[in-house]
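Please read the structure below before turning to the comments.
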Amino acid sequence: MIVLRTAKEIDMMRKACQISAEALQLAGESVKPGITTYEIDQIAYRYIKKQGAEPNFLNYNGFPATACISINDEVIHGIPSKKRVLKEGDIVSIDLGAKVNGYNGDNAATFACGVISDEAKRLCDTTRESLYLGIEQAVAGNRIGDIAFAIQSYCEERGFSVVREYTGHGVGTHLHEDPSVPNYGTAGRGQRLLPGMTIAIEPMINMGSKAVKCLPDGWTVKTLDGKLSAHFEHTIAITTKGEPIILTKL
């Protein structure tokens with residue numbers, strides 16, 4: 001069931017989304033050679049708690065950390081560890097969120113660890129740009145397929161592939177709500193976008209094949225061919241005024 005939220009409810013979501021964005025920024029700033037993914041996770045955890053919020057990923061369906069931290073060929077849901085030490089040239093996807101007063105924020109970005117290759121930078125840049133192209137289509141009267149097509153066409157034209165198994169989603173009083181927001185599809189198809197919808201758009205883009213696999217830990221998803229993957233995400237609200245509101249924008 002899709003929930004349409006009032007302007008007041010969207011305002012209530014802003015605090016959770018802003019804390020989510022600030023925690024992501026802090027986590028991203030800590031990405032450097034020699035730090036562990038556990039240490040990055042704790043930076044995010046402490047910040048979210050200090051703001052009087054709760055890290056909404058922690059214990060979600062059993063996930064054991066505040067942030068999903070995925071390195072290089074890991075697409076999403078990487079589990080932070082004291083044994084995972086970042087090295088020069090890694091790309092590091094961090095996905096996290098906060099919950100305040102019953103409302104959730106959710107956002108992600110891929111960060112460079114030191115100097116990265118030109119190919120890795122092009123992948124990250126393309127994925128980030130595709131997110132904003134998708135957001136441009138998130139206006140009342142359009143359809144989910146318009147968001148999906150904008151992301152897919154932009155990335156595939158540049159030689160990258162779009163993960164199929166995982167998608168964006170509604171977000172509000174629950175971290176994951178209807179509707180599903182795929183990153184691939186046909187313009188003009190799918191659920192019509194209505195004022196009051198709050199959704200997370202999150203392209204997951206691979207350098208090689210779109211095929212992925214889940215590791216035995218039950219969480220970490222990697223590219224099947226071992227090539228790099230990038231991930232960016234914003235929580236947005238669809239309005240009556242045309243342009244969507246990016247709730248997780250700093």
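So you can find residues: chains in the structure tokens are A, B, ... in the order shown, residues in each start at 1, and ligands are numbered from 1 in order.
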
Contact residues around Gly188 in chain A with only C-alpha atoms at 9 Å, ignoring same-chain residues under 5 positions, as a PyMOL selection string: chain A and resi 142-146

If you count only C-alpha atoms, which residues fall within 8 Å of Asp73 in chain A, apart from same-chain ones fewer than 3 positions away, as an NGL selection string? :A and (70 or 222-223 or 226-229)

Considering only C-alpha atoms, return as a ChimeraX atom specification whatever protein or nucleic-acid residues lie within 12 Å of Tyr154 in chain A, sequence-local ones (same chain, fewer than 5 positions apart) excluded. /A:123,125-134,147-149,159-162,183-184,203,205

With DSSP run on the backbone, what are the helix (DSSP H, G or I) residues within range 26-248 of chain A? I'd like them as a ChimeraX atom specification. /A:26-29,37-50,60-62,118-136,144-157

Residue subset to file, keeping N, CA and C atoms, as a short mmCIF file (atom, residue, chain, number, x, y, z; two decimals), in the first residue's frame:
```
data_model
loop_
_atom_site.label_atom_id
_atom_site.label_comp_id
_atom_site.auth_asym_id
_atom_site.auth_seq_id
_atom_site.Cartn_x
_atom_site.Cartn_y
_atom_site.Cartn_z
N LEU A 26 29.83 12.53 7.33
CA LEU A 26 30.91 12.25 8.27
C LEU A 26 31.59 10.92 7.97
N ALA A 27 30.78 9.91 7.68
CA ALA A 27 31.34 8.60 7.36
C ALA A 27 32.20 8.69 6.10
N GLY A 28 31.71 9.41 5.10
CA GLY A 28 32.47 9.56 3.86
C GLY A 28 33.78 10.30 4.06
N GLU A 29 33.77 11.31 4.91
CA GLU A 29 34.99 12.07 5.18
C GLU A 29 36.04 11.23 5.89
N THR A 37 36.41 -0.65 8.26
CA THR A 37 34.99 -0.36 8.03
C THR A 37 34.23 -0.31 9.36
N TYR A 38 34.71 -1.04 10.36
CA TYR A 38 34.10 -0.97 11.69
C TYR A 38 34.23 0.44 12.26
N GLU A 39 35.40 1.03 12.12
CA GLU A 39 35.62 2.38 12.64
C GLU A 39 34.69 3.38 11.95
N ILE A 40 34.52 3.24 10.64
CA ILE A 40 33.61 4.13 9.91
C ILE A 40 32.18 3.96 10.44
N ASP A 41 31.79 2.72 10.63
CA ASP A 41 30.46 2.43 11.15
C ASP A 41 30.24 3.09 12.51
N GLN A 42 31.24 3.04 13.36
CA GLN A 42 31.10 3.62 14.70
C GLN A 42 31.02 5.14 14.65
N ILE A 43 31.70 5.76 13.70
CA ILE A 43 31.58 7.21 13.53
C ILE A 43 30.13 7.58 13.22
N ALA A 44 29.52 6.83 12.31
CA ALA A 44 28.12 7.08 11.97
C ALA A 44 27.20 6.80 13.15
N TYR A 45 27.44 5.69 13.84
CA TYR A 45 26.61 5.32 14.99
C TYR A 45 26.62 6.41 16.06
N ARG A 46 27.81 6.85 16.41
CA ARG A 46 27.92 7.85 17.48
C ARG A 46 27.25 9.16 17.10
N TYR A 47 27.39 9.55 15.85
CA TYR A 47 26.78 10.81 15.42
C TYR A 47 25.26 10.73 15.47
N ILE A 48 24.70 9.66 14.94
CA ILE A 48 23.24 9.50 14.92
C ILE A 48 22.69 9.50 16.34
N LYS A 49 23.33 8.77 17.24
CA LYS A 49 22.86 8.71 18.63
C LYS A 49 23.00 10.08 19.32
N LYS A 50 24.07 10.80 19.02
CA LYS A 50 24.29 12.12 19.62
C LYS A 50 23.18 13.10 19.25
N TYR A 60 18.04 -4.27 11.72
CA TYR A 60 16.95 -4.36 10.76
C TYR A 60 17.03 -5.72 10.06
N ASN A 61 16.03 -6.55 10.28
CA ASN A 61 16.03 -7.92 9.77
C ASN A 61 17.32 -8.66 10.15
N GLY A 62 17.90 -8.27 11.27
CA GLY A 62 19.10 -8.94 11.76
C GLY A 62 20.41 -8.33 11.30
N ASP A 118 40.91 6.15 -13.18
CA ASP A 118 40.00 6.93 -14.03
C ASP A 118 38.71 6.17 -14.29
N GLU A 119 38.81 4.86 -14.49
CA GLU A 119 37.61 4.04 -14.75
C GLU A 119 36.69 4.05 -13.53
N ALA A 120 37.27 3.91 -12.34
CA ALA A 120 36.47 3.91 -11.12
C ALA A 120 35.78 5.27 -10.94
N LYS A 121 36.52 6.34 -11.22
CA LYS A 121 35.93 7.68 -11.09
C LYS A 121 34.79 7.86 -12.08
N ARG A 122 34.95 7.37 -13.29
CA ARG A 122 33.88 7.50 -14.28
C ARG A 122 32.64 6.72 -13.86
N LEU A 123 32.84 5.55 -13.28
CA LEU A 123 31.71 4.76 -12.77
C LEU A 123 30.98 5.53 -11.66
N CYS A 124 31.73 6.06 -10.71
CA CYS A 124 31.11 6.80 -9.60
C CYS A 124 30.40 8.05 -10.10
N ASP A 125 31.04 8.78 -10.98
CA ASP A 125 30.42 10.00 -11.51
C ASP A 125 29.13 9.68 -12.27
N THR A 126 29.17 8.64 -13.08
CA THR A 126 27.99 8.26 -13.86
C THR A 126 26.84 7.84 -12.95
N THR A 127 27.16 7.07 -11.92
CA THR A 127 26.11 6.61 -11.00
C THR A 127 25.49 7.78 -10.26
N ARG A 128 26.32 8.72 -9.79
CA ARG A 128 25.80 9.90 -9.11
C ARG A 128 24.93 10.74 -10.05
N GLU A 129 25.41 10.95 -11.26
CA GLU A 129 24.66 11.75 -12.22
C GLU A 129 23.33 11.08 -12.58
N SER A 130 23.33 9.75 -12.66
CA SER A 130 22.09 9.05 -13.00
C SER A 130 21.05 9.20 -11.89
N LEU A 131 21.51 9.27 -10.64
CA LEU A 131 20.59 9.50 -9.52
C LEU A 131 19.85 10.82 -9.72
N TYR A 132 20.58 11.87 -10.06
CA TYR A 132 19.94 13.18 -10.21
C TYR A 132 19.04 13.24 -11.45
N LEU A 133 19.41 12.50 -12.49
CA LEU A 133 18.52 12.41 -13.65
C LEU A 133 17.22 11.69 -13.29
N GLY A 134 17.34 10.66 -12.46
CA GLY A 134 16.14 9.97 -11.97
C GLY A 134 15.27 10.89 -11.12
N ILE A 135 15.91 11.66 -10.25
CA ILE A 135 15.18 12.59 -9.39
C ILE A 135 14.43 13.63 -10.22
N GLU A 136 15.04 14.09 -11.31
CA GLU A 136 14.38 15.07 -12.19
C GLU A 136 13.04 14.55 -12.72
N ILE A 144 6.77 5.65 -12.35
CA ILE A 144 8.01 5.04 -11.86
C ILE A 144 8.94 4.72 -13.03
N GLY A 145 8.35 4.28 -14.15
CA GLY A 145 9.16 3.93 -15.31
C GLY A 145 9.95 5.10 -15.88
N ASP A 146 9.48 6.31 -15.66
CA ASP A 146 10.22 7.49 -16.13
C ASP A 146 11.52 7.66 -15.34
N ILE A 147 11.45 7.41 -14.03
CA ILE A 147 12.66 7.45 -13.20
C ILE A 147 13.61 6.35 -13.65
N ALA A 148 13.07 5.14 -13.78
CA ALA A 148 13.87 3.97 -14.13
C ALA A 148 14.56 4.13 -15.48
N PHE A 149 13.82 4.61 -16.47
CA PHE A 149 14.38 4.76 -17.82
C PHE A 149 15.49 5.81 -17.84
N ALA A 150 15.30 6.89 -17.10
CA ALA A 150 16.32 7.94 -17.07
C ALA A 150 17.63 7.40 -16.53
N ILE A 151 17.56 6.61 -15.47
CA ILE A 151 18.76 6.03 -14.87
C ILE A 151 19.39 5.00 -15.81
N GLN A 152 18.58 4.06 -16.27
CA GLN A 152 19.09 2.96 -17.09
C GLN A 152 19.72 3.47 -18.39
N SER A 153 19.03 4.34 -19.09
CA SER A 153 19.53 4.78 -20.39
C SER A 153 20.84 5.56 -20.24
N TYR A 154 20.92 6.39 -19.23
CA TYR A 154 22.14 7.19 -19.03
C TYR A 154 23.34 6.28 -18.74
N CYS A 155 23.15 5.31 -17.86
CA CYS A 155 24.27 4.43 -17.48
C CYS A 155 24.65 3.47 -18.61
N GLU A 156 23.66 2.90 -19.27
CA GLU A 156 23.97 1.94 -20.32
C GLU A 156 24.61 2.62 -21.53
N GLU A 157 24.21 3.84 -21.83
CA GLU A 157 24.84 4.58 -22.93
C GLU A 157 26.33 4.79 -22.67
#
```

Go ahead and compute the interatomic distance for CA of Glu88 in chain A and CA of Thr248 in chain A, in Å to one decimal. 28.3 Å

Would you list the contacts of Glu243 in chain A as a PyMOL selection string, taking every protein, DNA or RNA residue within 8 Å and counting only C-alpha atoms, but skipping same-chain residues closer than 4 positions in sequence? chain A and resi 136+138-139+238-239

Kindly export the residues of the current selection with all heavy atoms, as an mmCIF file, in the first residue's frame.
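Result saved to part.cif:
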```
data_model
loop_
_atom_site.group_PDB
_atom_site.id
_atom_site.type_symbol
_atom_site.label_atom_id
_atom_site.label_comp_id
_atom_site.auth_asym_id
_atom_site.auth_seq_id
_atom_site.Cartn_x
_atom_site.Cartn_y
_atom_site.Cartn_z
ATOM 1 N N GLU A 136 15.038 14.085 -11.313
ATOM 2 C CA GLU A 136 14.378 15.066 -12.188
ATOM 3 C C GLU A 136 13.037 14.547 -12.721
ATOM 4 O O GLU A 136 12.126 15.331 -13.010
ATOM 5 C CB GLU A 136 15.282 15.420 -13.367
ATOM 6 C CG GLU A 136 16.431 16.339 -13.018
ATOM 7 C CD GLU A 136 17.297 16.645 -14.222
ATOM 8 O OE1 GLU A 136 16.923 16.245 -15.357
ATOM 9 O OE2 GLU A 136 18.357 17.266 -14.049
ATOM 10 N N ALA A 138 11.032 12.598 -11.023
ATOM 11 C CA ALA A 138 10.148 12.284 -9.902
ATOM 12 C C ALA A 138 9.193 13.438 -9.633
ATOM 13 O O ALA A 138 9.241 14.096 -8.586
ATOM 14 C CB ALA A 138 10.967 11.949 -8.668
ATOM 15 N N VAL A 139 8.327 13.692 -10.594
ATOM 16 C CA VAL A 139 7.341 14.763 -10.473
ATOM 17 C C VAL A 139 5.939 14.176 -10.602
ATOM 18 O O VAL A 139 5.730 13.159 -11.276
ATOM 19 C CB VAL A 139 7.565 15.862 -11.533
ATOM 20 C CG1 VAL A 139 8.909 16.535 -11.334
ATOM 21 C CG2 VAL A 139 7.458 15.306 -12.937
ATOM 22 N N ILE A 238 7.683 13.871 -3.333
ATOM 23 C CA ILE A 238 7.026 14.379 -4.536
ATOM 24 C C ILE A 238 5.982 15.405 -4.105
ATOM 25 O O ILE A 238 5.202 15.172 -3.180
ATOM 26 C CB ILE A 238 6.405 13.220 -5.334
ATOM 27 C CG1 ILE A 238 7.533 12.311 -5.831
ATOM 28 C CG2 ILE A 238 5.568 13.727 -6.498
ATOM 29 C CD1 ILE A 238 7.086 10.994 -6.369
ATOM 30 N N THR A 239 5.994 16.550 -4.771
ATOM 31 C CA THR A 239 5.185 17.688 -4.332
ATOM 32 C C THR A 239 4.150 18.078 -5.387
ATOM 33 O O THR A 239 4.129 17.549 -6.498
ATOM 34 C CB THR A 239 6.088 18.905 -4.062
ATOM 35 O OG1 THR A 239 6.566 19.410 -5.320
ATOM 36 C CG2 THR A 239 7.272 18.532 -3.187
#
```

Using only C-alpha atoms, find the one residue out of A:Thr240, A:Thr110, A:Asn56, A:Thr220 that sits nearest to Glu202 in chain A.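 That would be A:Thr110, the residue with the smallest distance to Glu202 in chain A.
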
Please extract the residues of range 20-229 of chain A with a backbone DSSP assignment of strand (DSSP E or B) and present them as a ChimeraX atom specification. /A:36,54-55,67-71,74-76,85,91-96,98-100,103-104,107-112,143,161-162,168-170,177-181,192,198-201,204-206,212-214,221-223,229

Might you pull out every residue within 8 Å of Ala211 in chain A, with only C-alpha atoms counted and same-chain residues fewer than 6 positions away left off, and present them as number ranges by chain? A: 163, 223-225
